[in-house]
2 protein chains.
Amino acid sequence: MTLTQLSAFVLVARLGSVKAAATVLGVSEPAVSQALSALRSHLGDQLLSRSGPGMTLTTGGSRLLGIASQMVALGAEAEAAVRVAQGAPEQLRMVATSTIAEFVATPLVDTFTGRAGGAVEASCGVASGAEMPVLVTNRMADLALGPNLTDANAGLVSEPIFRCKLIAVASARFRLRGGMGKATWLVDASATDPGSPTSRLLVRLGVPESRIRVFPNQTAAWAAAADGAGVAPAVAHLVAHQVRRGELAVVETAATPIETRWYATTLPPDRRPVAAGSLRHFLSTPEAMQLMKAPGTGVPPSRFRPPVYVTIWS
Amino acid sequence: MTLTQLSAFVLVARLGSVKAAATVLGVSEPAVSQALSALRSHLGDQLLSRSGPGMTLTTGGSRLLGIASQMVALGAEAEAAVRVAQGAPEQLRMVATSTIAEFVATPLVDTFTGRAGGAVEASCGVASGAEMPVLVTNRMADLALGPNLTDANAGLVSEPIFRCKLIAVASARFRLRGGMGKATWLVDASATDPGSPTSRLLVRLGVPESRIRVFPNQTAAWAAAADGAGVAPAVAHLVAHQVRRGELAVVETAATPIETRWYATTLPPDRRPVAAGSLRHFLSTPEAMQLMKAPGTGVPPSRFRPPVYVTIWS
DNA sequence: GCGGCGAATAAGCAATCGCTTAGATCCTCG
DNA sequence: CGAGGATCTAAGCGATTGCTTATTCGCCGC
């Protein structure tokens, strides 16, 4: 029984799929499957089995889940505690939805790290809205920036940080033939995350999959839109730069603008690391607000490493 | 960072010596030393260092100790929880001081197991008085039978179970030459445990080490005493059989009889496994009392496996 | 019945774990 | 200063872990 096996089990149970757990852990799917099977044979219990959409836990599995979660969390805590005691910079792991990560996460994290004066070392990863609560409750991430995750029984605390509008943009010369229903939609990875504002927008407009093109990041999608390839959803203030320069123009649709909010989610104060509390507080300062409002000064998208998920055990 | 390494660290920190931890774990001393050094280099912290009698923890070490203890305890709990959920018999690990283990532990455990009707599978090991609190608080044992271990800050609960007298015996034909000070004392392993009634007796009589012969178990010591090799300490009712048959006779000394008590020690009710509570309760029943009083009907000492300590991870 | 997707299994491989024995080191106490 | 006890290091070993790619299994929708 190793900690690796336990965290694989926890993630599978919480995410409801071996594949999803493998993605989060950044390993191949058989690796997770094997860890699970090792645990199964060691404990002599099936622990969990597929059933339609998700997984169902055996009695033993559900008993184990609570205990294993604690062990995984304590493992992360143990490493952090020793490192801090040595005066080493505290590690702070933040996850954000892809759009946020692309534009504002890095400047926010960098500025926060600078403010902390070397006492904190922050890193940032990408996660879907579904992954976030799992990552935070199991201490695989300290703070999530994205949708509202407040969930009483999971013990998470979300706080609204920022308010913005989701609109649609296209090349100024772009002309729809046959109305909005026929347009090609150019989206980033967040559209594959059900529950994200982007995917809500597409659902509300009834856009079929065949008319959606997914790009690795938002900037690439906008570049394609500027080339006249179609319509792209965009957070208004993030795309303001391109609109002002005339590369893109706002397109009216039946569903836009959509008002959305970004939330910062952490464990409740008594169970979260102090650095997570500091970052949370920093996010509500006018300075952070300014960074989120004016990302044109942020880092170029090339510096953004897309699927660098959180690594749990260094 | 593995659970093996963490439990090695916890045991070393709590017992104050690498060697003691190795003994408890039933492995060689370099094995523990190496586990510790692996943990040290992984975390980049010395964690603990020798200082005279015991060990002193670094700041990081003391942080880690609490967290690691929990993890080790949860590891044991996880295995138990899954096994129980499967309907497998609950494991119950008892430790006792050598004398108790030799005579009464096995019949007690066997009877208790029988009463439970297959729902509990109990095993028994030997531990010194110093090891007991460590083993119980870290859930490496569920119940300890021996001296009073009540320790508020460690969160242990001891309850008196039985009262007995420690006396001295020798061959009926044995005659002291030069008084008690010159006698050879024939003792079992418990005499090497400071704090045990036997060692208290020897200290009180001022017996020098040179006049002490240690036997692997109490029965062997008594056999030697019956052969006239010297004087042996004995729990009165345990040796009654041999006295009645004339093999041994009670010897008067300045310190005997010593009144002693056996205690059952567990975690407090809210943190201990149910089976430990049941055993604790069983130990206070008249039936258990009877077994402790009349061990002549117990198992022969050959069935007693001396240094089978608790194995933590099967 | 059949393709497709998720999961499990197989095979292979490097790294690590966990243990041993043997020897070096270090500290204390006489 | 030397003896002895405790600890650490070294070397070696077998088993396990943890990961990969490739293949097979089981199930669902058509």
# chains A, B, ... in the order shown; residues from 1 in each chain; ligands from 1

$ select_by_dssp --residues "segment 68-150 of chain A" --states "strand (DSSP E)" --output "list in words"
Glu90, Gln91, Leu92, Arg93, Met94, Val95, Ala96, Val120, Glu121, Ala122, Ser123, Cys124, Gly125, Val126, Leu143, Ala144, Leu145 and Gly146 of chain A

$ interface_residues --of "chain B" --to "chain A" --cutoff "7 Å" --atoms "only C-alpha atoms" --output "PyMOL selection string"
chain B and resi 2-3+43+59-61+63-64+67+71+74+78-79+81-82+85-86

$ write_last_selection --atoms "N, CA and C atoms" --output "short mmCIF file (atom, residue, chain, number, x, y, z; two decimals), in the first residue's frame"
data_model
loop_
_atom_site.label_atom_id
_atom_site.label_comp_id
_atom_site.auth_asym_id
_atom_site.auth_seq_id
_atom_site.Cartn_x
_atom_site.Cartn_y
_atom_site.Cartn_z
N THR B 2 7.79 7.19 1.69
CA THR B 2 6.91 6.04 1.81
C THR B 2 6.41 5.89 3.25
N LEU B 3 5.36 5.13 3.37
CA LEU B 3 4.82 4.90 4.71
C LEU B 3 5.81 4.16 5.59
N LEU B 43 13.46 15.03 2.19
CA LEU B 43 12.89 16.27 2.71
C LEU B 43 13.94 17.34 2.90
N THR B 59 13.21 21.58 14.03
CA THR B 59 11.88 22.18 13.89
C THR B 59 11.05 21.40 12.89
N GLY B 60 11.68 21.12 11.75
CA GLY B 60 10.97 20.34 10.73
C GLY B 60 10.60 18.97 11.25
N GLY B 61 11.49 18.37 12.00
CA GLY B 61 11.23 17.04 12.54
C GLY B 61 10.02 17.02 13.44
N ARG B 63 7.55 19.13 13.40
CA ARG B 63 6.36 19.32 12.56
C ARG B 63 5.95 17.99 11.93
N LEU B 64 6.96 17.33 11.43
CA LEU B 64 6.68 16.09 10.71
C LEU B 64 6.12 15.02 11.64
N ILE B 67 2.35 14.90 11.96
CA ILE B 67 1.68 14.53 10.71
C ILE B 67 1.96 13.08 10.36
N MET B 71 -0.46 9.76 9.73
CA MET B 71 -0.47 8.99 8.49
C MET B 71 -0.29 7.50 8.78
N LEU B 74 -3.44 6.20 10.25
CA LEU B 74 -4.48 6.08 9.23
C LEU B 74 -4.21 4.90 8.30
N ALA B 78 -6.88 2.19 7.59
CA ALA B 78 -7.39 1.94 6.25
C ALA B 78 -7.49 0.44 5.99
N GLU B 79 -6.42 -0.27 6.30
CA GLU B 79 -6.45 -1.71 6.07
C GLU B 79 -7.55 -2.36 6.88
N ALA B 81 -10.27 -1.02 8.06
CA ALA B 81 -11.61 -0.63 7.62
C ALA B 81 -12.06 -1.47 6.43
N VAL B 82 -11.17 -1.64 5.48
CA VAL B 82 -11.54 -2.40 4.29
C VAL B 82 -11.79 -3.86 4.65
N ALA B 85 -15.11 -4.28 6.37
CA ALA B 85 -16.23 -4.08 5.44
C ALA B 85 -16.47 -5.32 4.60
N GLN B 86 -15.43 -6.09 4.40
CA GLN B 86 -15.58 -7.30 3.61
C GLN B 86 -16.13 -8.45 4.44
#

$ select_by_dssp --residues "segment 23-264 of chain A" --states "alpha helix (DSSP H)" --output "ChimeraX atom specification"
/A:23-25,29-43,59-85,98-100,106-116,131-137,197-205,218-226,236-244

$ interface_residues --of "chain C" --to "chain B" --cutoff "9 Å" --atoms "only C-alpha atoms (C1' of nucleotides)" --output "ChimeraX atom specification"
/C:17-20,27-28

$ interface_residues --of "chain D" --to "chain B" --cutoff "9 Å" --atoms "only C-alpha atoms (C1' of nucleotides)" --output "JSON, numbers by chain"
{"D": [6, 7, 8]}

$ write_last_selection --atoms "N, CA and C atoms (P, O5', C5', C4', C3', O3' and C1' of nucleotides)" --output "CSV table (one decimal), in the first residue's frame"
chain,number,residue,atom,x,y,z
D,6,DA,P,23.9,0.2,22.8
D,6,DA,O5',23.8,1.3,21.7
D,6,DA,C5',23.9,2.7,22.1
D,6,DA,C4',24.0,3.6,20.9
D,6,DA,C3',23.0,3.2,19.8
D,6,DA,O3',22.4,4.4,19.4
D,6,DA,C1',25.2,3.3,19.0
D,7,DT,P,21.2,4.4,18.4
D,7,DT,O5',21.9,5.0,17.1
D,7,DT,C5',22.6,6.2,17.1
D,7,DT,C4',23.5,6.3,15.8
D,7,DT,C3',22.7,6.2,14.5
D,7,DT,O3',22.6,7.4,13.9
D,7,DT,C1',24.8,5.1,14.5
D,8,DC,P,21.8,7.6,12.5
D,8,DC,O5',23.0,7.5,11.4
D,8,DC,C5',24.1,8.3,11.5
D,8,DC,C4',25.2,7.8,10.5
D,8,DC,C3',24.7,7.7,9.1
D,8,DC,O3',25.5,8.4,8.3
D,8,DC,C1',25.8,5.7,9.8

$ atom_distance --atom1 "atom CA of Val109 of chain B" --atom2 "atom CA of Met140 of chain B"
17.3 Å

$ atom_distance --atom1 "atom CA of Ile161 of chain B" --atom2 "atom CA of Met289 of chain B"
8.1 Å

$ atom_distance --atom1 "atom CA of Asn148 of chain B" --atom2 "atom CA of Ala264 of chain B"
7.8 Å
